[in-house]
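Q: Quick one: structure below, then a few questions.
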Amino acid sequence: MRTVPVPLAPRPGAPADGTTSPAGPGPSAVTASARITAAPGGDLPELRGEGPLAVRRTRSTGPGARVCLVGAMSAPLNGDRLALTVTVLPGAILHVVSAAACVALPGDREGRAEYLTDIRVGEGAELRWTPEPLISARGSDLYVRTRIDLAPGARLHHREEHLAGRADEEPGRLVSRLTVHRADRVLLDQETRHGPDEPGWYGGAVMGGRRAVGQILLVEPVDAVGATAAPAVFTDPPTGGLAARMTPDGSTVLISAVAADGLGVRRLLERAIP
């Protein structure tokens with residue numbers, strides 16, 4: 001396993017003590033990438049990151065490897081460009097978590113930030129993807145794009161949760177695109193938008209007056225038997241939450257939820273897992 005440590009450090013152009021020089025320019029945008037490759041037997045032949053994208057192996061409670069995404073510095077800020085590439089080789093098992101929520105912040109620069117994730121899961125491999133929520137703070141502008149390519153015999157548990165702003169705060173702008181391909185065919189292609197300049201995001205057709213949204217996508221091998229559960233609706237009265245479990249095809253379950261806060265979304269998602 002090859003690991004590149006990422007020390008805590010100020011942003012490029014910022015003083016080492018974390019203060020801001022009144023005469024100097026603001027901090028520059030960050031361009032950073034990370035790569036994770038999992039092999040059978042729990043091996044991680046590639047595990048490296050830079051800038052804010054630190055990746056660490058942690059103890060696994062089951063078969064395969066467990067990797068934690070650690071924010072080594074504040075990111076993404078407006079203008080940043082982050083890229084994560086994950087490869088689960090045939091027969092491997094990988095679980096990816098994060099140490100804390102990811103908070104998109106405005107920073108001192110103009111321009112949209114980008115966080116691009118590319119995932120490939122090989123034949124007979126399994127990926128469990130359960131990071132903490134993404135929070136779009138006031139003034140932030142972030143585009144998130146996740147592309148997942150699955151072999152016909154791959155397994156996937158993919159969870160994502162978005163919070164529109166911190167407590168008692170107006171949200172930033174978030175555009176999140178998720179595309180999943182299996183055997184070069186589109187299995188899921190969807191986009192979520194919320195925040196300023198996104199018409200109708202707070203209305204009944206999108207978040208229905210709620211501030212948290214999440215989903216879980218479960219995919220079994222194409223020849224799996226009994227992989228799906230019946231469609232159902234779930235509620236969480238304390239947070240006004242609502243979730244729907246759908247079965248796009250015989251090997252896929254999609255669970256979508258909205259609630260007033262992240263706790264309500266998480267409860268609904270976990271209840272709806274078959």
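Labeling convention for the structure tokens: chains A, B, ... as they appear, residues from 1 per chain, ligands from 1 in order of appearance.
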Residues near segment 90-95 of chain A, anyone? I mean within 10 Å using only C-alpha atoms, not counting same-chain ones fewer than 4 positions away, as a ChimeraX atom specification.

A: /A:36-44,58,60,62-68,86,120-131,151,153-157

Q: Mind writing the picked residues with N, CA, C and O atoms as a CSV table (one decimal), in the first residue's frame?

A:
```csv
chain,number,residue,atom,x,y,z
A,36,ILE,N,-8.1,6.2,-4.6
A,36,ILE,CA,-8.3,5.0,-3.8
A,36,ILE,C,-8.4,3.8,-4.7
A,36,ILE,O,-9.3,3.8,-5.6
A,37,THR,N,-7.6,2.8,-4.5
A,37,THR,CA,-7.8,1.5,-5.3
A,37,THR,C,-7.8,0.4,-4.3
A,37,THR,O,-6.9,0.2,-3.5
A,38,ALA,N,-8.9,-0.4,-4.4
A,38,ALA,CA,-9.0,-1.6,-3.5
A,38,ALA,C,-8.9,-2.9,-4.2
A,38,ALA,O,-9.4,-3.0,-5.3
A,39,ALA,N,-8.1,-3.8,-3.7
A,39,ALA,CA,-7.9,-5.1,-4.3
A,39,ALA,C,-8.5,-6.2,-3.4
A,39,ALA,O,-8.7,-6.0,-2.2
A,40,PRO,N,-8.7,-7.4,-3.9
A,40,PRO,CA,-9.2,-8.5,-3.0
A,40,PRO,C,-8.3,-8.8,-1.8
A,40,PRO,O,-7.1,-8.5,-1.8
A,41,GLY,N,-8.9,-9.3,-0.7
A,41,GLY,CA,-8.1,-9.6,0.5
A,41,GLY,C,-7.9,-8.4,1.4
A,41,GLY,O,-7.1,-8.4,2.3
A,42,GLY,N,-8.6,-7.3,1.1
A,42,GLY,CA,-8.4,-6.1,1.9
A,42,GLY,C,-7.2,-5.2,1.6
A,42,GLY,O,-6.9,-4.3,2.3
A,43,ASP,N,-6.6,-5.5,0.5
A,43,ASP,CA,-5.4,-4.7,0.1
A,43,ASP,C,-5.8,-3.4,-0.5
A,43,ASP,O,-6.8,-3.3,-1.2
A,44,LEU,N,-5.0,-2.4,-0.3
A,44,LEU,CA,-5.1,-1.1,-0.9
A,44,LEU,C,-3.9,-0.7,-1.6
A,44,LEU,O,-3.0,0.0,-1.1
A,58,THR,N,-8.8,2.8,7.9
A,58,THR,CA,-9.2,2.6,9.3
A,58,THR,C,-9.6,1.1,9.5
A,58,THR,O,-9.7,0.4,8.5
A,60,SER,N,-11.5,-2.2,9.8
A,60,SER,CA,-12.7,-2.7,9.2
A,60,SER,C,-13.3,-3.7,10.2
A,60,SER,O,-12.6,-4.5,10.7
A,62,GLY,N,-15.6,-5.8,9.0
A,62,GLY,CA,-16.0,-6.9,8.2
A,62,GLY,C,-15.0,-7.2,7.1
A,62,GLY,O,-13.8,-6.7,7.2
A,63,PRO,N,-15.3,-8.0,6.1
A,63,PRO,CA,-14.3,-8.3,5.1
A,63,PRO,C,-14.0,-7.0,4.3
A,63,PRO,O,-14.8,-6.1,4.2
A,64,GLY,N,-12.9,-7.1,3.6
A,64,GLY,CA,-12.5,-5.9,2.8
A,64,GLY,C,-11.8,-4.8,3.5
A,64,GLY,O,-11.5,-4.9,4.7
A,65,ALA,N,-11.6,-3.7,2.8
A,65,ALA,CA,-10.9,-2.5,3.4
A,65,ALA,C,-11.9,-1.4,3.7
A,65,ALA,O,-13.0,-1.3,3.1
A,66,ARG,N,-11.5,-0.6,4.7
A,66,ARG,CA,-12.4,0.6,5.1
A,66,ARG,C,-11.5,1.8,5.0
A,66,ARG,O,-10.4,1.9,5.6
A,67,VAL,N,-11.9,2.8,4.3
A,67,VAL,CA,-11.2,4.1,4.1
A,67,VAL,C,-12.0,5.3,4.5
A,67,VAL,O,-13.2,5.3,4.3
A,68,CYS,N,-11.3,6.2,5.2
A,68,CYS,CA,-12.0,7.4,5.7
A,68,CYS,C,-11.5,8.6,5.0
A,68,CYS,O,-10.3,8.8,4.9
A,86,VAL,N,-12.0,6.5,-7.4
A,86,VAL,CA,-12.1,5.3,-6.6
A,86,VAL,C,-12.3,4.1,-7.5
A,86,VAL,O,-13.2,4.1,-8.4
A,120,ARG,N,-15.4,3.2,-10.1
A,120,ARG,CA,-15.5,2.1,-10.9
A,120,ARG,C,-15.5,0.8,-10.0
A,120,ARG,O,-14.6,0.7,-9.2
A,121,VAL,N,-16.5,0.0,-10.1
A,121,VAL,CA,-16.6,-1.2,-9.3
A,121,VAL,C,-16.6,-2.4,-10.2
A,121,VAL,O,-17.5,-2.6,-11.1
A,122,GLY,N,-15.6,-3.3,-10.1
A,122,GLY,CA,-15.4,-4.4,-11.0
A,122,GLY,C,-16.3,-5.6,-10.7
A,122,GLY,O,-17.1,-5.7,-9.8
A,123,GLU,N,-16.2,-6.6,-11.6
A,123,GLU,CA,-17.0,-7.8,-11.5
A,123,GLU,C,-16.8,-8.5,-10.2
A,123,GLU,O,-15.6,-8.8,-9.7
A,124,GLY,N,-17.9,-8.9,-9.5
A,124,GLY,CA,-17.8,-9.5,-8.2
A,124,GLY,C,-17.3,-8.7,-7.1
A,124,GLY,O,-17.1,-9.2,-6.0
A,125,ALA,N,-17.2,-7.4,-7.3
A,125,ALA,CA,-16.7,-6.5,-6.3
A,125,ALA,C,-17.9,-5.8,-5.6
A,125,ALA,O,-19.0,-5.9,-6.1
A,126,GLU,N,-17.6,-5.2,-4.4
A,126,GLU,CA,-18.6,-4.5,-3.7
A,126,GLU,C,-18.1,-3.2,-3.1
A,126,GLU,O,-17.0,-3.1,-2.5
A,127,LEU,N,-18.9,-2.1,-3.2
A,127,LEU,CA,-18.6,-0.8,-2.7
A,127,LEU,C,-19.7,-0.4,-1.7
A,127,LEU,O,-20.9,-0.4,-2.1
A,128,ARG,N,-19.4,0.0,-0.5
A,128,ARG,CA,-20.3,0.6,0.4
A,128,ARG,C,-19.8,2.0,0.6
A,128,ARG,O,-18.7,2.3,1.1
A,129,TRP,N,-20.7,3.0,0.2
A,129,TRP,CA,-20.3,4.4,0.2
A,129,TRP,C,-21.2,5.2,1.2
A,129,TRP,O,-22.4,5.4,0.9
A,130,THR,N,-20.7,5.5,2.4
A,130,THR,CA,-21.6,6.2,3.4
A,130,THR,C,-20.9,7.3,4.1
A,130,THR,O,-20.7,7.3,5.3
A,131,PRO,N,-20.5,8.4,3.3
A,131,PRO,CA,-20.0,9.6,4.0
A,131,PRO,C,-21.0,10.4,4.8
A,131,PRO,O,-22.2,10.1,4.6
A,151,ALA,N,-19.7,-3.1,-13.0
A,151,ALA,CA,-19.7,-4.3,-13.8
A,151,ALA,C,-21.1,-5.0,-13.5
A,151,ALA,O,-21.7,-4.8,-12.5
A,153,GLY,N,-21.8,-7.9,-12.4
A,153,GLY,CA,-21.8,-8.6,-11.1
A,153,GLY,C,-21.4,-7.9,-9.9
A,153,GLY,O,-21.1,-8.4,-8.9
A,154,ALA,N,-21.4,-6.5,-10.0
A,154,ALA,CA,-21.0,-5.7,-8.9
A,154,ALA,C,-22.1,-5.4,-7.9
A,154,ALA,O,-23.3,-5.4,-8.3
A,155,ARG,N,-21.8,-5.1,-6.7
A,155,ARG,CA,-22.7,-4.7,-5.6
A,155,ARG,C,-22.4,-3.3,-5.2
A,155,ARG,O,-21.2,-2.9,-5.1
A,156,LEU,N,-23.5,-2.5,-4.9
A,156,LEU,CA,-23.3,-1.1,-4.5
A,156,LEU,C,-24.3,-0.7,-3.4
A,156,LEU,O,-25.5,-1.0,-3.5
A,157,HIS,N,-23.8,0.0,-2.4
A,157,HIS,CA,-24.6,0.7,-1.4
A,157,HIS,C,-24.1,2.1,-1.4
A,157,HIS,O,-23.0,2.4,-0.8
```

Q: Can you pull out every residue from segment 180-266 of chain A that DSSP, working from the backbone, puts in helix (DSSP H, G or I), and format the result as number ranges by chain?

A: A: 237-239, 262-266

Q: Using the selection just defined, write its residues with C-alpha atoms as a short mmCIF file (atom, residue, chain, number, x, y, z; two decimals), in the first residue's frame.

A:
```
data_model
loop_
_atom_site.label_atom_id
_atom_site.label_comp_id
_atom_site.auth_asym_id
_atom_site.auth_seq_id
_atom_site.Cartn_x
_atom_site.Cartn_y
_atom_site.Cartn_z
CA PRO A 237 -43.44 13.09 12.14
CA PRO A 238 -40.92 14.91 14.41
CA THR A 239 -39.18 16.43 11.38
CA GLY A 262 -30.29 15.69 8.67
CA LEU A 263 -31.29 13.49 11.59
CA GLY A 264 -34.74 13.00 10.12
CA VAL A 265 -33.35 12.14 6.70
CA ARG A 266 -30.92 9.59 8.19
#
```

Q: If you count only C-alpha atoms, which residues fall within 6 Å of segment 28-34 of chain A, apart from same-chain ones fewer than 3 positions away, as an MDAnalysis selection string?

A: chainID A and resid 12 48:51 79:84

Q: Identify, on the basis of only C-alpha atoms, every residue whose closest approach to Met246 of chain A does not exceed 9 Å; exclude the query and any residue fewer than 3 positions from it along the same chain; express the result as a ChimeraX atom specification.

A: /A:229-232,252-256

Q: Report the closest atom pair, with its distance in Å rounded to one decimal, for each residue of segment 45-125 of chain A that has an atom no farther than 7 Å from segment 137-143 of chain A; count only C-alpha atoms, sort by chain and then rising residue number, and write it as CSV.

A:
```
residue,atom,partner,partner_atom,distance
A:Asn78,CA,A:Asp141,CA,6.0
A:Val103,CA,A:Ala137,CA,6.7
A:Ala104,CA,A:Ala137,CA,5.8
A:Leu105,CA,A:Ser140,CA,4.8
A:Pro106,CA,A:Ser140,CA,4.1
A:Arg112,CA,A:Asp141,CA,5.1
A:Ala113,CA,A:Leu142,CA,4.7
A:Glu114,CA,A:Tyr143,CA,4.8
A:Tyr115,CA,A:Tyr143,CA,6.3
```

Q: For atom CA of Gly71 of chain A and atom CA of Val55 of chain A, quote the distance in Å rounded to one decimal.

A: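 Taking atom CA of Gly71 of chain A and atom CA of Val55 of chain A, their separation equals 8.7 Å.
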
Q: Atom CA of Leu150 of chain A to atom CA of Leu187 of chain A: how many Å, to one decimal?

A: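 So the two atoms, atom CA of Leu150 of chain A and atom CA of Leu187 of chain A, lie 9.5 Å apart.
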
Q: If DSSP is run on the backbone, what residues of segment 60-258 of chain A are strand (DSSP E)? A reply as a PyMOL selection string would be ideal.

A: chain A and resi 65-71+81-88+93-98+102-104+113-121+126-129+134-136+141-150+155-164+173-182+185-194+212-219+232-236+241-249+252-258

Q: Please determine, counting only C-alpha atoms, which residue among A:Val70, A:Gly241, A:Arg166, A:Val96 has the shortest atom-to-atom distance to Pro52 of chain A.

A: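 For Pro52 of chain A, the nearest of the given residues is A:Val70.
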
Q: Which residue gives the smallest distance to Glu170 of chain A among A:Pro45, A:Pro133, A:Gly195, A:Gly107, with only C-alpha atoms counted?

A: A:Gly195

Q: Give me the residues of segment 114-184 of chain A that have any atom at most 10 Å from an atom of segment 203-212 of chain A; for each, the nearest atom pair and the distance in Å, rounded to one decimal. Use only C-alpha atoms, sort by chain and number, and format it as a tab-separated table.

A:
```
residue	atom	partner	partner_atom	distance
A:Pro133	CA	A:Ala212	CA	9.4
A:Leu134	CA	A:Ala212	CA	9.9
A:Ile135	CA	A:Ala212	CA	9.2
A:Glu161	CA	A:Ala212	CA	7.4
A:His162	CA	A:Ala212	CA	5.8
A:Leu163	CA	A:Ala212	CA	4.5
A:Ala164	CA	A:Arg211	CA	5.2
A:Gly165	CA	A:Arg211	CA	7.6
A:Arg166	CA	A:Arg211	CA	9.4
A:Ala167	CA	A:Arg211	CA	9.9
A:Glu170	CA	A:Arg211	CA	9.9
A:Pro171	CA	A:Arg211	CA	8.7
```

Q: What does the distance between atom CA of Leu47 of chain A and atom CA of Leu174 of chain A come to in Å, to one decimal place?

A: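 These atoms are spaced 28.3 Å apart.
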
Q: Here is a test: counting only C-alpha atoms, which residue of A:Ser98, A:Ser251, A:Thr117, A:Thr235 is nearest to Arg267 of chain A?

A: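 Closest residue, counting only C-alpha atoms: A:Thr235.
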